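Right, one structure below, let's go through it.
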Amino acid sequence: MRILIATNGSVRSEMALRFSKQLTRRAGKPPTVLTVVQRDADRPQADAILARAQELLTPDVPVVIPKVRIGGVIDEIVREAGEGNYDLVIVGESRNRSPVARLLSGSTAVKVAEKAPCSVVVAKGKAGPVRRILLCNSGAEYPSALGRFTAQLANQLDAEEEVTVLHVMSQMSAGPGVHGQQLRAGVGELITERTPEGKLLEADMEILEQPGIIPRPKVRRGLVVDEILAEAKAGDYDLVVIGAHRNEGWQRFLLDDLARKIVVRLDRPVLVLR
């Protein structure tokens, strides 16, 4: 797995670096640590930031590829992610601004998560060891990819991880052929009756059934964003995984808006999967 870690020397960047240690130890390839400056004259400052980053990663990550790009921060991180063909970008987010301000204008981390051509981890809040993962699968697109990437990520961690596969039953998913009984059914009933939600849960469970991973299916009912936030807090998860949707037209706006709200309002690391 090719991993890109973005840093600007701030506290939030150091959080991203510390969080990335556990994901890069078994990545198979040295991570690239990138810092962006506006002018070539700022390279001494960039060198100091990269030296500090290497200090934080050592000895857990003995080999690091340092890199400096010149230009706008968001554009250069996204450009490097594409040109370097990375599988994952890790970037930190500050919690100093209010959720409303972050939602309206978007932080650097949120904008990178929206624009990057690959998956992005926004590191914030409790950035400790990842032992409990919440996988949120709406089934709107490529559900198996969510499970596969989560399994790949879990296998790179040092201990046995518990992965909860969450499906939120809400009015948004209700439509022709969806009966009230299905909306009230438990996980076992959904899987046994082969409902669309049951099939999604079962498919993810099969992908996650491997050594070092303890998969658990779960269903919640209500508004998607509220239920994901509630489950993340109630289960005290160390990482929340969501999918970035690629629908067109008004539906794309709606789904992207949901993803953005989840990323902005979560108080812990979140992986936006592409």
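By order of appearance in the structure tokens: chains A, B, ..., then residues from 1 within every chain, and ligands from 1 in the order shown.
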
Which polymer residues have any atom within 6 Å of an atom of Pro31 of chain A, counting only C-alpha atoms, with same-chain residues fewer than 5 positions away left out, as a PyMOL selection string? chain A and resi 3-4+64

Could you please take those selected residues and save N, CA, C and O atoms as a PDB file, in the first residue's frame?
ATOM      1  N   ILE A   3       1.316   5.043   0.795  1.00  0.00           N
ATOM      2  CA  ILE A   3       0.688   5.985   1.717  1.00  0.00           C
ATOM      3  C   ILE A   3       1.369   7.344   1.630  1.00  0.00           C
ATOM      4  O   ILE A   3       2.603   7.447   1.643  1.00  0.00           O
ATOM      5  N   LEU A   4       0.549   8.397   1.550  1.00  0.00           N
ATOM      6  CA  LEU A   4       1.032   9.773   1.532  1.00  0.00           C
ATOM      7  C   LEU A   4       0.557  10.464   2.803  1.00  0.00           C
ATOM      8  O   LEU A   4      -0.642  10.487   3.096  1.00  0.00           O
ATOM      9  N   VAL A  64      11.531   6.801   5.377  1.00  0.00           N
ATOM     10  CA  VAL A  64      10.513   7.775   4.969  1.00  0.00           C
ATOM     11  C   VAL A  64      10.995   8.497   3.715  1.00  0.00           C
ATOM     12  O   VAL A  64      12.183   8.807   3.589  1.00  0.00           O
TER      13      VAL A  64
END

Taking 4 positions as the minimum chain separation for residues in the same chain, which residues sit within 6 Å of Val120 of chain A when counting only C-alpha atoms? Answer as a ChimeraX atom specification. /A:88-90,113,271-272

Which residues are close to Ala151 of chain A, i.e. within 9 Å by only C-alpha atoms, leaving aside same-chain residues fewer than 2 positions away? Reply as number ranges by chain. A: 146-149, 153-156, 163, 207-210, 213

Which residues come within 6 Å of segment 15-24 of chain A, counting only C-alpha atoms, excluding same-chain residues fewer than 6 positions away, as a list in words? Val91, Gly92, Ala123, Ala127 and Leu157 of chain A

Residues of segment 13-130 of chain A in alpha helix (DSSP H) according to DSSP, as a ChimeraX atom specification? /A:13-24,43-57,73-83,99-105,108-115

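For the pair atom CA of Arg12 of chain A and atom CA of Glu93 of chain A, the interatomic distance is 5.6 Å.
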
Can you tell me which residues surround Glu227 of chain A at a distance of at most 10 Å, considering only C-alpha atoms, apart from same-chain residues fewer than 5 positions away, and format the answer as a list in words? Leu166, His167, Val168, Met169, Ser170, Val219, Arg220, Arg221, Gly222, Ala232 and Lys233 of chain A

Contacts of Lys111 of chain A within 12 Å, only C-alpha atoms, excl. fewer than 2 positions in-chain, as number ranges by chain: A: 73-75, 77-78, 91-93, 102-109, 113-117, 120, 122, 256, 259-260, 263-264, 272

Atoms to include: N, CA and C atoms. Write the selected residues as a compact mmCIF listing (two decimals), in the first residue's frame.
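That gives us again-v5.txt:
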# COMPACT_ATOMS: atom_id res chain seq x y z
N VAL A 73 -1.87 24.58 -0.91
CA VAL A 73 -1.80 23.36 -0.10
C VAL A 73 -2.73 22.27 -0.62
N ILE A 74 -4.01 22.58 -0.78
CA ILE A 74 -4.98 21.58 -1.18
C ILE A 74 -4.66 21.04 -2.57
N ASP A 75 -4.40 21.95 -3.51
CA ASP A 75 -4.13 21.53 -4.89
C ASP A 75 -2.90 20.64 -4.97
N ILE A 77 -1.48 18.75 -2.56
CA ILE A 77 -1.69 17.44 -1.93
C ILE A 77 -2.48 16.54 -2.87
N VAL A 78 -3.54 17.09 -3.47
CA VAL A 78 -4.37 16.31 -4.39
C VAL A 78 -3.57 15.92 -5.63
N VAL A 91 -4.23 13.00 6.51
CA VAL A 91 -4.12 14.43 6.78
C VAL A 91 -4.82 14.74 8.09
N GLY A 92 -4.27 15.67 8.85
CA GLY A 92 -4.85 16.03 10.14
C GLY A 92 -5.84 17.17 10.02
N GLU A 93 -6.77 17.23 10.97
CA GLU A 93 -7.75 18.32 11.00
C GLU A 93 -7.80 18.94 12.38
N ARG A 102 -16.70 24.80 9.70
CA ARG A 102 -16.04 23.76 8.90
C ARG A 102 -16.98 23.22 7.84
N LEU A 103 -18.27 23.14 8.16
CA LEU A 103 -19.24 22.60 7.21
C LEU A 103 -19.46 23.57 6.05
N LEU A 104 -19.51 24.86 6.35
CA LEU A 104 -19.80 25.85 5.32
C LEU A 104 -18.60 26.10 4.42
N SER A 105 -17.43 26.31 5.01
CA SER A 105 -16.26 26.66 4.21
C SER A 105 -15.37 25.46 3.91
N GLY A 106 -15.37 24.48 4.81
CA GLY A 106 -14.56 23.30 4.60
C GLY A 106 -13.12 23.51 5.03
N SER A 107 -12.60 22.64 5.87
CA SER A 107 -11.21 22.71 6.27
C SER A 107 -10.34 22.15 5.16
N THR A 108 -9.02 22.31 5.30
CA THR A 108 -8.10 21.73 4.32
C THR A 108 -8.30 20.23 4.24
N ALA A 109 -8.45 19.58 5.40
CA ALA A 109 -8.61 18.12 5.43
C ALA A 109 -9.89 17.69 4.72
N ALA A 113 -10.20 15.45 1.32
CA ALA A 113 -11.03 14.23 1.29
C ALA A 113 -12.03 14.26 0.14
N GLU A 114 -12.52 15.45 -0.21
CA GLU A 114 -13.48 15.59 -1.30
C GLU A 114 -12.83 15.48 -2.67
N LYS A 115 -11.60 15.98 -2.81
CA LYS A 115 -10.98 16.10 -4.13
C LYS A 115 -9.96 15.02 -4.46
N ALA A 116 -9.41 14.36 -3.47
CA ALA A 116 -8.34 13.38 -3.73
C ALA A 116 -8.85 12.21 -4.59
N PRO A 117 -8.00 11.67 -5.45
CA PRO A 117 -8.40 10.55 -6.30
C PRO A 117 -8.34 9.21 -5.59
N VAL A 120 -8.87 8.70 1.79
CA VAL A 120 -8.25 9.69 2.66
C VAL A 120 -8.64 9.42 4.11
N VAL A 122 -8.86 11.32 7.61
CA VAL A 122 -8.81 12.61 8.30
C VAL A 122 -8.58 12.29 9.78
N ASP A 256 -23.11 13.47 -1.34
CA ASP A 256 -21.88 14.14 -0.96
C ASP A 256 -22.10 15.01 0.27
N ALA A 259 -21.93 12.75 3.29
CA ALA A 259 -20.55 12.37 3.58
C ALA A 259 -19.80 13.52 4.23
N ARG A 260 -19.98 14.71 3.71
CA ARG A 260 -19.31 15.89 4.27
C ARG A 260 -19.74 16.12 5.71
N VAL A 263 -17.99 13.60 7.97
CA VAL A 263 -16.56 13.91 8.16
C VAL A 263 -16.40 15.10 9.10
N VAL A 264 -17.20 16.14 8.91
CA VAL A 264 -17.07 17.36 9.70
C VAL A 264 -17.47 17.14 11.15
N VAL A 272 -12.36 8.13 4.41
CA VAL A 272 -13.27 8.30 3.29
C VAL A 272 -12.73 7.45 2.15

Just asking: which residues within segment 33-235 of chain A are strand (DSSP E or B) according to DSSP, as a PDB file with N, CA and C atoms, in the first residue's frame?
ATOM      1  N   VAL A  33       6.216  11.535   3.012  1.00  0.00           N
ATOM      2  CA  VAL A  33       5.765  12.632   3.868  1.00  0.00           C
ATOM      3  C   VAL A  33       5.908  13.914   3.067  1.00  0.00           C
ATOM      4  N   LEU A  34       4.790  14.585   2.850  1.00  0.00           N
ATOM      5  CA  LEU A  34       4.751  15.769   1.988  1.00  0.00           C
ATOM      6  C   LEU A  34       4.457  17.027   2.784  1.00  0.00           C
ATOM      7  N   THR A  35       5.194  18.078   2.487  1.00  0.00           N
ATOM      8  CA  THR A  35       4.840  19.400   2.978  1.00  0.00           C
ATOM      9  C   THR A  35       4.792  20.359   1.796  1.00  0.00           C
ATOM     10  N   VAL A  36       3.900  21.322   1.870  1.00  0.00           N
ATOM     11  CA  VAL A  36       3.691  22.265   0.771  1.00  0.00           C
ATOM     12  C   VAL A  36       4.030  23.671   1.239  1.00  0.00           C
ATOM     13  N   VAL A  37       4.829  24.385   0.445  1.00  0.00           N
ATOM     14  CA  VAL A  37       5.153  25.779   0.732  1.00  0.00           C
ATOM     15  C   VAL A  37       4.754  26.623  -0.470  1.00  0.00           C
ATOM     16  N   ILE A  65      10.091   8.749   2.781  1.00  0.00           N
ATOM     17  CA  ILE A  65      10.439   9.516   1.583  1.00  0.00           C
ATOM     18  C   ILE A  65       9.942  10.939   1.769  1.00  0.00           C
ATOM     19  N   PRO A  66      10.843  11.898   2.002  1.00  0.00           N
ATOM     20  CA  PRO A  66      10.410  13.294   2.190  1.00  0.00           C
ATOM     21  C   PRO A  66      10.157  13.969   0.842  1.00  0.00           C
ATOM     22  N   LYS A  67       9.201  14.861   0.800  1.00  0.00           N
ATOM     23  CA  LYS A  67       8.892  15.550  -0.458  1.00  0.00           C
ATOM     24  C   LYS A  67       8.356  16.946  -0.183  1.00  0.00           C
ATOM     25  N   VAL A  68       8.770  17.887  -1.032  1.00  0.00           N
ATOM     26  CA  VAL A  68       8.302  19.269  -0.940  1.00  0.00           C
ATOM     27  C   VAL A  68       7.651  19.649  -2.267  1.00  0.00           C
ATOM     28  N   ARG A  69       6.472  20.275  -2.175  1.00  0.00           N
ATOM     29  CA  ARG A  69       5.820  20.825  -3.365  1.00  0.00           C
ATOM     30  C   ARG A  69       5.552  22.298  -3.131  1.00  0.00           C
ATOM     31  N   ILE A  70       5.539  23.068  -4.210  1.00  0.00           N
ATOM     32  CA  ILE A  70       5.342  24.509  -4.110  1.00  0.00           C
ATOM     33  C   ILE A  70       4.013  24.875  -4.765  1.00  0.00           C
ATOM     34  N   LEU A  88      -3.614   5.738  -0.268  1.00  0.00           N
ATOM     35  CA  LEU A  88      -4.173   6.371   0.925  1.00  0.00           C
ATOM     36  C   LEU A  88      -3.433   7.665   1.231  1.00  0.00           C
ATOM     37  N   VAL A  89      -4.204   8.710   1.547  1.00  0.00           N
ATOM     38  CA  VAL A  89      -3.650   9.975   2.029  1.00  0.00           C
ATOM     39  C   VAL A  89      -4.079  10.143   3.482  1.00  0.00           C
ATOM     40  N   ILE A  90      -3.150  10.571   4.332  1.00  0.00           N
ATOM     41  CA  ILE A  90      -3.466  10.837   5.737  1.00  0.00           C
ATOM     42  C   ILE A  90      -3.202  12.304   6.016  1.00  0.00           C
ATOM     43  N   VAL A  91      -4.231  13.000   6.507  1.00  0.00           N
ATOM     44  CA  VAL A  91      -4.116  14.429   6.776  1.00  0.00           C
ATOM     45  C   VAL A  91      -4.820  14.741   8.093  1.00  0.00           C
ATOM     46  N   GLY A  92      -4.268  15.673   8.852  1.00  0.00           N
ATOM     47  CA  GLY A  92      -4.854  16.029  10.142  1.00  0.00           C
ATOM     48  C   GLY A  92      -5.837  17.172  10.025  1.00  0.00           C
ATOM     49  N   SER A 119      -8.365   7.078  -1.420  1.00  0.00           N
ATOM     50  CA  SER A 119      -8.948   7.131  -0.077  1.00  0.00           C
ATOM     51  C   SER A 119      -8.156   8.092   0.809  1.00  0.00           C
ATOM     52  N   VAL A 120      -8.870   8.699   1.785  1.00  0.00           N
ATOM     53  CA  VAL A 120      -8.251   9.693   2.662  1.00  0.00           C
ATOM     54  C   VAL A 120      -8.644   9.422   4.109  1.00  0.00           C
ATOM     55  N   VAL A 121      -7.658   9.446   5.006  1.00  0.00           N
ATOM     56  CA  VAL A 121      -7.929   9.422   6.443  1.00  0.00           C
ATOM     57  C   VAL A 121      -7.798  10.837   6.979  1.00  0.00           C
ATOM     58  N   VAL A 122      -8.862  11.324   7.608  1.00  0.00           N
ATOM     59  CA  VAL A 122      -8.811  12.608   8.303  1.00  0.00           C
ATOM     60  C   VAL A 122      -8.580  12.291   9.780  1.00  0.00           C
ATOM     61  N   ALA A 123      -7.373  12.559  10.254  1.00  0.00           N
ATOM     62  CA  ALA A 123      -6.996  12.227  11.631  1.00  0.00           C
ATOM     63  C   ALA A 123      -7.352  13.384  12.552  1.00  0.00           C
ATOM     64  N   ARG A 132     -10.909  -0.769  17.320  1.00  0.00           N
ATOM     65  CA  ARG A 132     -12.333  -0.888  17.000  1.00  0.00           C
ATOM     66  C   ARG A 132     -12.650  -0.020  15.782  1.00  0.00           C
ATOM     67  N   ILE A 133     -13.146  -0.647  14.728  1.00  0.00           N
ATOM     68  CA  ILE A 133     -13.437   0.046  13.471  1.00  0.00           C
ATOM     69  C   ILE A 133     -14.930  -0.025  13.187  1.00  0.00           C
ATOM     70  N   LEU A 134     -15.503   1.113  12.802  1.00  0.00           N
ATOM     71  CA  LEU A 134     -16.907   1.154  12.402  1.00  0.00           C
ATOM     72  C   LEU A 134     -16.971   1.325  10.893  1.00  0.00           C
ATOM     73  N   LEU A 135     -17.480   0.318  10.197  1.00  0.00           N
ATOM     74  CA  LEU A 135     -17.620   0.348   8.742  1.00  0.00           C
ATOM     75  C   LEU A 135     -19.066   0.672   8.399  1.00  0.00           C
ATOM     76  N   CYS A 136     -19.294   1.852   7.807  1.00  0.00           N
ATOM     77  CA  CYS A 136     -20.646   2.300   7.478  1.00  0.00           C
ATOM     78  C   CYS A 136     -20.917   2.002   6.011  1.00  0.00           C
ATOM     79  N   GLU A 161      -8.420  -6.783  15.431  1.00  0.00           N
ATOM     80  CA  GLU A 161      -9.348  -5.655  15.365  1.00  0.00           C
ATOM     81  C   GLU A 161     -10.794  -6.131  15.307  1.00  0.00           C
ATOM     82  N   GLU A 162     -11.653  -5.370  15.974  1.00  0.00           N
ATOM     83  CA  GLU A 162     -13.086  -5.618  15.894  1.00  0.00           C
ATOM     84  C   GLU A 162     -13.687  -4.649  14.883  1.00  0.00           C
ATOM     85  N   VAL A 163     -14.355  -5.172  13.862  1.00  0.00           N
ATOM     86  CA  VAL A 163     -14.950  -4.346  12.822  1.00  0.00           C
ATOM     87  C   VAL A 163     -16.466  -4.503  12.875  1.00  0.00           C
ATOM     88  N   THR A 164     -17.162  -3.422  13.208  1.00  0.00           N
ATOM     89  CA  THR A 164     -18.627  -3.420  13.202  1.00  0.00           C
ATOM     90  C   THR A 164     -19.109  -2.916  11.851  1.00  0.00           C
ATOM     91  N   VAL A 165     -19.908  -3.724  11.170  1.00  0.00           N
ATOM     92  CA  VAL A 165     -20.483  -3.330   9.878  1.00  0.00           C
ATOM     93  C   VAL A 165     -21.867  -2.761  10.146  1.00  0.00           C
ATOM     94  N   LEU A 166     -22.024  -1.464   9.930  1.00  0.00           N
ATOM     95  CA  LEU A 166     -23.272  -0.775  10.261  1.00  0.00           C
ATOM     96  C   LEU A 166     -24.067  -0.447   9.007  1.00  0.00           C
ATOM     97  N   HIS A 167     -25.355  -0.771   9.053  1.00  0.00           N
ATOM     98  CA  HIS A 167     -26.276  -0.317   8.009  1.00  0.00           C
ATOM     99  C   HIS A 167     -27.393   0.462   8.693  1.00  0.00           C
ATOM    100  N   VAL A 168     -27.634   1.680   8.217  1.00  0.00           N
ATOM    101  CA  VAL A 168     -28.689   2.519   8.791  1.00  0.00           C
ATOM    102  C   VAL A 168     -29.943   2.393   7.936  1.00  0.00           C
ATOM    103  N   MET A 169     -31.020   1.928   8.557  1.00  0.00           N
ATOM    104  CA  MET A 169     -32.316   1.838   7.889  1.00  0.00           C
ATOM    105  C   MET A 169     -33.024   3.173   8.092  1.00  0.00           C
ATOM    106  N   ILE A 213      -9.336 -10.386  12.488  1.00  0.00           N
ATOM    107  CA  ILE A 213     -10.483  -9.485  12.397  1.00  0.00           C
ATOM    108  C   ILE A 213     -11.706 -10.149  13.026  1.00  0.00           C
ATOM    109  N   ILE A 214     -12.391  -9.416  13.881  1.00  0.00           N
ATOM    110  CA  ILE A 214     -13.645  -9.892  14.481  1.00  0.00           C
ATOM    111  C   ILE A 214     -14.777  -9.062  13.904  1.00  0.00           C
ATOM    112  N   PRO A 215     -15.534  -9.580  12.914  1.00  0.00           N
ATOM    113  CA  PRO A 215     -16.611  -8.797  12.313  1.00  0.00           C
ATOM    114  C   PRO A 215     -17.918  -8.918  13.092  1.00  0.00           C
ATOM    115  N   ARG A 216     -18.649  -7.802  13.171  1.00  0.00           N
ATOM    116  CA  ARG A 216     -19.944  -7.800  13.854  1.00  0.00           C
ATOM    117  C   ARG A 216     -20.927  -6.968  13.025  1.00  0.00           C
ATOM    118  N   PRO A 217     -22.050  -7.547  12.593  1.00  0.00           N
ATOM    119  CA  PRO A 217     -23.050  -6.779  11.852  1.00  0.00           C
ATOM    120  C   PRO A 217     -23.957  -6.000  12.797  1.00  0.00           C
ATOM    121  N   LYS A 218     -24.421  -4.842  12.360  1.00  0.00           N
ATOM    122  CA  LYS A 218     -25.307  -4.052  13.209  1.00  0.00           C
ATOM    123  C   LYS A 218     -26.225  -3.204  12.334  1.00  0.00           C
ATOM    124  N   VAL A 219     -27.466  -3.024  12.801  1.00  0.00           N
ATOM    125  CA  VAL A 219     -28.449  -2.174  12.112  1.00  0.00           C
ATOM    126  C   VAL A 219     -28.940  -1.118  13.087  1.00  0.00           C
ATOM    127  N   ARG A 220     -29.021   0.120  12.617  1.00  0.00           N
ATOM    128  CA  ARG A 220     -29.638   1.195  13.382  1.00  0.00           C
ATOM    129  C   ARG A 220     -30.713   1.821  12.506  1.00  0.00           C
ATOM    130  N   ARG A 221     -31.662   2.481  13.135  1.00  0.00           N
ATOM    131  CA  ARG A 221     -32.777   3.096  12.408  1.00  0.00           C
ATOM    132  C   ARG A 221     -32.884   4.567  12.737  1.00  0.00           C
TER     133      ARG A 221
END

For Gly125 of chain A: contacts at 7 Å, only C-alpha atoms, fewer than 4 positions along chain excluded, given as a list in words: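 Those residues are Asp267, Arg268 and Pro269 of chain A.
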
Would you output that residue set with all heavy atoms, as an mmCIF file, in the first residue's frame?
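Written file, again_29.cif:
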data_model
loop_
_atom_site.group_PDB
_atom_site.id
_atom_site.type_symbol
_atom_site.label_atom_id
_atom_site.label_comp_id
_atom_site.auth_asym_id
_atom_site.auth_seq_id
_atom_site.Cartn_x
_atom_site.Cartn_y
_atom_site.Cartn_z
ATOM 1 N N ASP A 267 -15.931 13.211 15.802
ATOM 2 C CA ASP A 267 -14.898 13.695 16.700
ATOM 3 C C ASP A 267 -13.724 12.741 16.803
ATOM 4 O O ASP A 267 -12.963 12.743 17.760
ATOM 5 C CB ASP A 267 -15.481 13.921 18.101
ATOM 6 C CG ASP A 267 -16.038 12.638 18.703
ATOM 7 O OD1 ASP A 267 -16.102 11.614 17.987
ATOM 8 O OD2 ASP A 267 -16.406 12.659 19.893
ATOM 9 N N ARG A 268 -13.559 11.899 15.773
ATOM 10 C CA ARG A 268 -12.492 10.897 15.756
ATOM 11 C C ARG A 268 -12.045 10.638 14.320
ATOM 12 O O ARG A 268 -12.687 11.117 13.383
ATOM 13 C CB ARG A 268 -12.979 9.616 16.425
ATOM 14 C CG ARG A 268 -14.154 8.963 15.727
ATOM 15 C CD ARG A 268 -14.905 8.062 16.697
ATOM 16 N NE ARG A 268 -15.526 8.844 17.743
ATOM 17 C CZ ARG A 268 -15.599 8.458 19.021
ATOM 18 N NH1 ARG A 268 -15.135 7.284 19.384
ATOM 19 N NH2 ARG A 268 -16.186 9.222 19.929
ATOM 20 N N PRO A 269 -10.950 9.893 14.121
ATOM 21 C CA PRO A 269 -10.466 9.650 12.756
ATOM 22 C C PRO A 269 -11.519 9.009 11.867
ATOM 23 O O PRO A 269 -12.265 8.132 12.304
ATOM 24 C CB PRO A 269 -9.270 8.707 12.973
ATOM 25 C CG PRO A 269 -8.792 9.016 14.349
ATOM 26 C CD PRO A 269 -10.028 9.319 15.139
#
